[in-house]
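Peer 1: Below: one structure in structure tokens.
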Amino acid sequence: MEVNGPPKPFQNIFFCVPQKKESHTGLERSRKKFYILSMFPYPSGRLHMGHVRVYTISDTISHFQRMRGHQVLNPMGWDAFGLPAENAAIERGLDPEDWTKSNIESMRKQLDSLGLCFNWDREVTTCLPDYYKWTQYLFIKLFEAGLAYQKEALVNWDPEDQTVLADEQVDESGRSWRSGAAVEQRLLKQWFIKTTNYAKVRQPAYSLTEVTALNVFTGREVPVVISSKNEFDGHLDTVMGIPDSSEEEAELAQSLGLSWISVLKTEQDGTQTLINSDEFTGQSRAEAFNSVTQKARERNAGGYLTSAKLRDWLISRQRYWGTPIPIVHCSACGPVPVPVEELPVMLPKVPSLSGKGASPLKMAQDWLRCQCPRCKGPAERETDTMDTFVDSSWYYFRYTDPQNPLRPFERSRADHWMPVDVYIGGKEHAVMHLYYARFLSHFCRDQGMVSHREPFRKLLVQGLIKGQTFRVAETGQYLTKEDIDFSGPEPIQRDSGSRLQVTWEKMSKSKHNGLDPQEVLQQYGLDTMRLYLLYAAPPEQDILWDVKTDAIPGVLRWQARLWGLITKLRAAREGPETPNPSVLNKRERSEARKIWENKNYAITQVKLCDDFLKPLSGLSQVRNPLGSVLLGKGSVLQQPWPSVDPEYLQTPDTLQLSVRINNKACGSVSVPREVAQDAQKVQELVLNSPLGARLLSERVIKKAILSPRTALINFLVDE
């Protein structure tokens, strides 16, 4: 690429260097692997600035690790099933599959326009049969291991009128599929649904049933009682009542005419010990808890409660656009998994979608009716589909072996790449998705499918990009920028002159504070946008995108200065002679040494900064280079990461600290390196400098933020 001057804007400097396909043999295995993964998006059709930020971060880390000589995996795919696509298709009268595939094509083009170097040869799409076939396979493995089960339960039980709420659209059996370690007893089954006794339960009363349960320790039967409570302490739906331990339970037993044997004795000092409890008699209550729990574990009948908040995972949805659950229901055999060789259970086409009533798959009669795999009798397919969290709970494995037609992934390939070295995603996905992903990873480890139990070595939760919102104080109405007068000291509503409430909130169309990445790209260019997203704040922190004091022009000026420096260097090297450092005088040699010392310091301190280097593509055309950084032709990103020069190991005494005021770059101040991380001293030095005296002496400073990663301090002041 011939470069004769600074591009305006800086959008054509960097282009994605095509990456060769990574193999798993020979030389490739000799290089250290690095698996960088950003959470794959739902294909809505349009990228937002949050997408641009997370993928810029992952792309930057990818380039950095590749320049360090690592074998890098940076894949991309699509979390393509789910309710938003189904609802959008219903609104537009379209097929969800056509809608989704069209959005994927559009978003892939948008990602390409951002110069992102993903391993597109490993692309996965969760709504395609060659992916959800293996989602179904993993579900069957869970089912066979007893970790996926169908529970008959009332949904949204109302304790007042004891009815199932109609808006839940549940079928008459109330069945739902769950996954997890099911430790509580499933006692009531069909009786609970069919009997009329539950309709008599009135809060706070209870109903004694005809069902009994077996105490596995004593071998005795115990009565089963239905409570009107939504749940018991610890989020449990089944508990063992001990009248000795609770006045409420003692009163309940008496009211129902139930007798019991006392098992607790209260001593004079208030402590309790067990009585009439066989080998546990004489133990304190705390000692007995541990002893009984240990015995329950030995008998595989219970154990310690690992979390008071975690509950089994409800994975089924009575909607269309999702992975079909590979189960058939037989009147003779009950729920039977589809044989693996018959997978995938294809998602059938249905005449229409309304979003109301029972599962749309009930309308696909030819698909619904089938043969029981076990007894060969008539059966029906499960009409619920899986929650999309199931699809995304294992996609990081599929990236390691995406074209495998025989199994979800080859163990050797998964073991080569796993665990993910850095996993990047938003705060809104950093809780539940991680539970499910870790659950599936632990399960795959227990099944001998992989060596590693934990899927992610490090999680990087990137902050939000927030925009300013302007609301009328009296009504709370959000205003567009066109409705606001910014000419005065405070923004006001243009028509009425009403004062406004100004806040920072997550970008949203409804709040009129969104930002279209394509508009930013067209106005400023690709590298400027990416550089700003990396420069504005550490990845974990929120970025405040200020419409009044936009910092992007400052980034553009920095790029222009850098390009000017490169242009001067190229011009100075146009001559035929190689520069000779020995002709420098003493002062020039001293200045040159400072440059090399600062270069060493930058190499040791700067991390993940390839976007800062992109404007240096022009260095590849410098004639007669003195250094060995550029070892061949091509982009800077195709060169190895520079190493510390041992001749200049002395660390400089000072550094240049960038100063911002309300996120706007205002200059720099030289500060001693030894105090560069002391926020109070740095603030004092800046305020006492000529720059501080000129720009900050007469302003009210609300807060000063010293960056922990870069030499930068940001003063937030009253406008």
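Residue numbers start at 1 in each chain; chains themselves are named A, B, ... in the order of the structure tokens; ligands are numbered from 1 in the order shown.
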List as a VMD selection string the protein and nucleic acid residues near A:Gln477, meaning an atom at most 9 Å away when only C-alpha atoms are counted, but skip any in the same chain fewer than 6 places from it.
Peer 2: chain A and resid 470 to 471 511
Peer 1: Do a neighbour search on A:Lys427 at 8 Å with only C-alpha atoms, toss out local chain neighbours closer than 6 positions, and write the hits as a short mmCIF file (atom, residue, chain, number, x, y, z; two decimals) with all heavy atoms, in the first residue's frame.
Peer 2:
```cif
data_model
loop_
_atom_site.label_atom_id
_atom_site.label_comp_id
_atom_site.auth_asym_id
_atom_site.auth_seq_id
_atom_site.Cartn_x
_atom_site.Cartn_y
_atom_site.Cartn_z
N VAL A 461 -14.93 -8.17 32.01
CA VAL A 461 -16.28 -7.60 31.87
C VAL A 461 -16.13 -6.13 31.49
O VAL A 461 -15.79 -5.30 32.32
CB VAL A 461 -17.08 -7.74 33.18
CG1 VAL A 461 -18.48 -7.16 33.00
CG2 VAL A 461 -17.15 -9.20 33.60
N GLN A 462 -16.36 -5.83 30.22
CA GLN A 462 -16.15 -4.46 29.78
C GLN A 462 -17.29 -3.58 30.21
O GLN A 462 -18.44 -4.01 30.34
CB GLN A 462 -15.95 -4.40 28.26
CG GLN A 462 -17.15 -4.00 27.45
CD GLN A 462 -18.05 -5.20 27.15
OE1 GLN A 462 -17.76 -6.31 27.55
NE2 GLN A 462 -19.11 -4.96 26.43
N GLY A 463 -16.97 -2.32 30.45
CA GLY A 463 -17.97 -1.37 30.89
C GLY A 463 -18.90 -0.95 29.77
O GLY A 463 -18.69 -1.28 28.59
#
```
Peer 1: Mind dumping a table of every stretch 92-142 of chain A residue within 9 Å of stretch 523-531 of chain A, with the nearest atom pair and its distance in Å to one decimal, using only C-alpha atoms, sorted by chain and rising number, as CSV?
Peer 2:
```
residue,atom,partner,partner_atom,distance
A:Ser113,CA,A:Leu526,CA,8.3
A:Leu114,CA,A:Leu526,CA,6.4
A:Gly115,CA,A:Leu526,CA,7.8
```
Peer 1: Once you have the residues from the selection above, write them out as a compact mmCIF listing (two decimals), in the first residue's frame, restricted to C-alpha atoms.
Peer 2:
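And here's again00.txt as it stands now:
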```txt
# COMPACT_ATOMS: atom_id res chain seq x y z
CA SER A 113 -16.16 -2.78 7.93
CA LEU A 114 -14.55 -2.47 11.37
CA GLY A 115 -11.39 -4.24 10.22
```
Peer 1: I'd like the contact shell of stretch 134-149 of chain A - 10 Å cut-off, only C-alpha atoms, skipping same-chain residues fewer than 5 positions apart - returned as a PyMOL selection string.
Peer 2: chain A and resi 126+129+176-182+312-315+323-327+335-341+343-345+386+390-395+398+405-409+440+443-444+447
Peer 1: Would you mind telling me which residue in A:Val671, A:Ile603, A:Gly692, A:Asp542 lies nearest to A:Pro642 when using only C-alpha atoms?
Peer 2: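 The shortest atom-to-atom distance to A:Pro642 comes from A:Ile603.
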Peer 1: In stretch 44-125 of chain A, what's strand (DSSP E) per DSSP? Answer as number ranges by chain?
Peer 2: A: 71-73, 75-78, 119-125
Peer 1: Would you write out those residues with all heavy atoms, as a short mmCIF file (atom, residue, chain, number, x, y, z; two decimals), in the first residue's frame?
Peer 2:
```
data_model
loop_
_atom_site.label_atom_id
_atom_site.label_comp_id
_atom_site.auth_asym_id
_atom_site.auth_seq_id
_atom_site.Cartn_x
_atom_site.Cartn_y
_atom_site.Cartn_z
N GLN A 71 0.11 -18.71 19.02
CA GLN A 71 -0.89 -19.24 18.11
C GLN A 71 -2.25 -18.79 18.65
O GLN A 71 -2.67 -19.21 19.72
CB GLN A 71 -0.79 -20.76 18.08
CG GLN A 71 -1.76 -21.45 17.14
CD GLN A 71 -1.72 -22.95 17.30
OE1 GLN A 71 -1.18 -23.44 18.28
NE2 GLN A 71 -2.29 -23.66 16.36
N VAL A 72 -2.94 -17.92 17.91
CA VAL A 72 -4.11 -17.23 18.45
C VAL A 72 -5.39 -17.75 17.81
O VAL A 72 -5.46 -17.93 16.59
CB VAL A 72 -3.99 -15.71 18.23
CG1 VAL A 72 -5.26 -14.99 18.68
CG2 VAL A 72 -2.78 -15.16 18.98
N LEU A 73 -6.39 -17.96 18.65
CA LEU A 73 -7.74 -18.28 18.18
C LEU A 73 -8.67 -17.15 18.62
O LEU A 73 -8.80 -16.86 19.81
CB LEU A 73 -8.22 -19.61 18.77
CG LEU A 73 -9.66 -20.04 18.41
CD1 LEU A 73 -9.83 -20.16 16.90
CD2 LEU A 73 -10.01 -21.35 19.10
N PRO A 75 -12.36 -16.44 17.43
CA PRO A 75 -13.49 -16.81 16.57
C PRO A 75 -14.70 -15.91 16.75
O PRO A 75 -14.77 -15.09 17.66
CB PRO A 75 -13.79 -18.24 17.03
CG PRO A 75 -13.47 -18.21 18.50
CD PRO A 75 -12.32 -17.25 18.66
N MET A 76 -15.67 -16.09 15.87
CA MET A 76 -16.92 -15.32 15.92
C MET A 76 -18.07 -16.21 15.45
O MET A 76 -17.89 -17.10 14.62
CB MET A 76 -16.81 -14.08 15.03
CG MET A 76 -18.08 -13.25 14.90
SD MET A 76 -18.91 -12.83 16.45
CE MET A 76 -17.68 -11.84 17.26
N GLY A 77 -19.24 -15.97 16.01
CA GLY A 77 -20.42 -16.74 15.63
C GLY A 77 -21.67 -15.98 16.03
O GLY A 77 -21.63 -14.78 16.33
N TRP A 78 -22.81 -16.70 16.06
CA TRP A 78 -24.09 -16.04 16.23
C TRP A 78 -24.98 -16.82 17.18
O TRP A 78 -25.24 -18.00 16.99
CB TRP A 78 -24.78 -15.89 14.87
CG TRP A 78 -23.86 -15.32 13.85
CD1 TRP A 78 -23.13 -15.99 12.92
CD2 TRP A 78 -23.54 -13.92 13.68
NE1 TRP A 78 -22.38 -15.12 12.18
CE2 TRP A 78 -22.61 -13.84 12.62
CE3 TRP A 78 -23.96 -12.75 14.30
CZ2 TRP A 78 -22.09 -12.63 12.18
CZ3 TRP A 78 -23.45 -11.55 13.86
CH2 TRP A 78 -22.53 -11.49 12.82
N ASN A 119 -11.38 -15.31 13.19
CA ASN A 119 -11.19 -16.56 12.47
C ASN A 119 -12.54 -16.99 11.89
O ASN A 119 -13.25 -17.84 12.44
CB ASN A 119 -10.65 -17.66 13.41
CG ASN A 119 -9.27 -17.34 13.92
OD1 ASN A 119 -9.10 -16.80 15.01
ND2 ASN A 119 -8.27 -17.67 13.13
N TRP A 120 -12.90 -16.41 10.76
CA TRP A 120 -14.22 -16.66 10.18
C TRP A 120 -14.38 -18.10 9.71
O TRP A 120 -15.52 -18.57 9.52
CB TRP A 120 -14.49 -15.69 9.04
CG TRP A 120 -14.86 -14.31 9.51
CD1 TRP A 120 -14.13 -13.17 9.37
CD2 TRP A 120 -16.07 -13.91 10.18
NE1 TRP A 120 -14.79 -12.09 9.92
CE2 TRP A 120 -15.99 -12.52 10.42
CE3 TRP A 120 -17.20 -14.60 10.62
CZ2 TRP A 120 -16.99 -11.80 11.07
CZ3 TRP A 120 -18.21 -13.89 11.26
CH2 TRP A 120 -18.10 -12.51 11.47
N ASP A 121 -13.28 -18.80 9.49
CA ASP A 121 -13.39 -20.20 9.09
C ASP A 121 -13.93 -21.07 10.21
O ASP A 121 -14.27 -22.23 10.00
CB ASP A 121 -12.04 -20.73 8.62
CG ASP A 121 -10.97 -20.63 9.70
OD1 ASP A 121 -10.77 -19.51 10.21
OD2 ASP A 121 -10.36 -21.66 10.02
N ARG A 122 -14.05 -20.51 11.43
CA ARG A 122 -14.58 -21.25 12.58
C ARG A 122 -15.96 -20.73 13.00
O ARG A 122 -16.42 -21.02 14.10
CB ARG A 122 -13.61 -21.17 13.76
CG ARG A 122 -12.28 -21.86 13.50
CD ARG A 122 -11.31 -21.66 14.64
NE ARG A 122 -10.06 -22.33 14.40
CZ ARG A 122 -9.77 -23.55 14.84
NH1 ARG A 122 -10.65 -24.23 15.54
NH2 ARG A 122 -8.59 -24.10 14.58
N GLU A 123 -16.61 -19.99 12.14
CA GLU A 123 -17.91 -19.40 12.47
C GLU A 123 -18.94 -20.47 12.84
O GLU A 123 -19.04 -21.50 12.19
CB GLU A 123 -18.41 -18.61 11.26
CG GLU A 123 -19.74 -17.91 11.46
CD GLU A 123 -20.17 -17.16 10.20
OE1 GLU A 123 -19.59 -17.42 9.13
OE2 GLU A 123 -21.09 -16.34 10.29
N VAL A 124 -19.71 -20.20 13.91
CA VAL A 124 -20.81 -21.09 14.30
C VAL A 124 -22.09 -20.28 14.38
O VAL A 124 -22.07 -19.09 14.72
CB VAL A 124 -20.55 -21.81 15.65
CG1 VAL A 124 -19.28 -22.64 15.59
CG2 VAL A 124 -20.49 -20.82 16.81
N THR A 125 -23.20 -20.93 14.07
CA THR A 125 -24.52 -20.31 14.12
C THR A 125 -25.46 -21.28 14.81
O THR A 125 -25.70 -22.38 14.32
CB THR A 125 -25.03 -19.99 12.70
OG1 THR A 125 -24.06 -19.18 12.03
CG2 THR A 125 -26.35 -19.25 12.75
#
```
Peer 1: Within 12 Å of A:Lys349, counting only C-alpha atoms, which residues qualify if same-chain residues fewer than 3 places away don't, as a ChimeraX atom specification?
Peer 2: /A:95-98,320-321,346,352-353,360-368
Peer 1: For A:Cys333, please output as number ranges by chain all residues within 8 Å (counting only C-alpha atoms; exclusion window: fewer than 3 positions along the same chain).
Peer 2: A: 329-330, 336, 374-375
Peer 1: Within 6 Å of stretch 79-84 of chain A, counting only C-alpha atoms, which residues qualify if same-chain residues fewer than 6 places away don't, as a list in words?
Peer 2: Pro41, Tyr42, Thr126, Cys127, Trp321, Gly322 and Thr388 of chain A
Peer 1: Write out the residues from the selection above, keeping C-alpha atoms, as an mmCIF file, in the first residue's frame.
Peer 2:
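Contents of the output file again.cif:
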```
data_model
loop_
_atom_site.group_PDB
_atom_site.id
_atom_site.type_symbol
_atom_site.label_atom_id
_atom_site.label_comp_id
_atom_site.auth_asym_id
_atom_site.auth_seq_id
_atom_site.Cartn_x
_atom_site.Cartn_y
_atom_site.Cartn_z
ATOM 1 C CA PRO A 41 -23.960 -11.542 19.538
ATOM 2 C CA TYR A 42 -27.640 -12.059 18.948
ATOM 3 C CA THR A 126 -26.712 -21.844 16.795
ATOM 4 C CA CYS A 127 -29.884 -22.039 14.645
ATOM 5 C CA TRP A 321 -37.669 -20.386 17.447
ATOM 6 C CA GLY A 322 -35.374 -22.566 19.524
ATOM 7 C CA THR A 388 -31.050 -20.032 24.283
#
```
Peer 1: Check stretch 317-451 of chain A with DSSP on the backbone and list each residue it calls alpha helix (DSSP H), as a ChimeraX atom specification.
Peer 2: /A:365-368,388-391,395-398,411-417,432-446
Peer 1: For atom CA of A:Lys509 and atom CA of A:Leu434, determine how far apart the two atoms are, in Å to one decimal place.
Peer 2: 28.4 Å
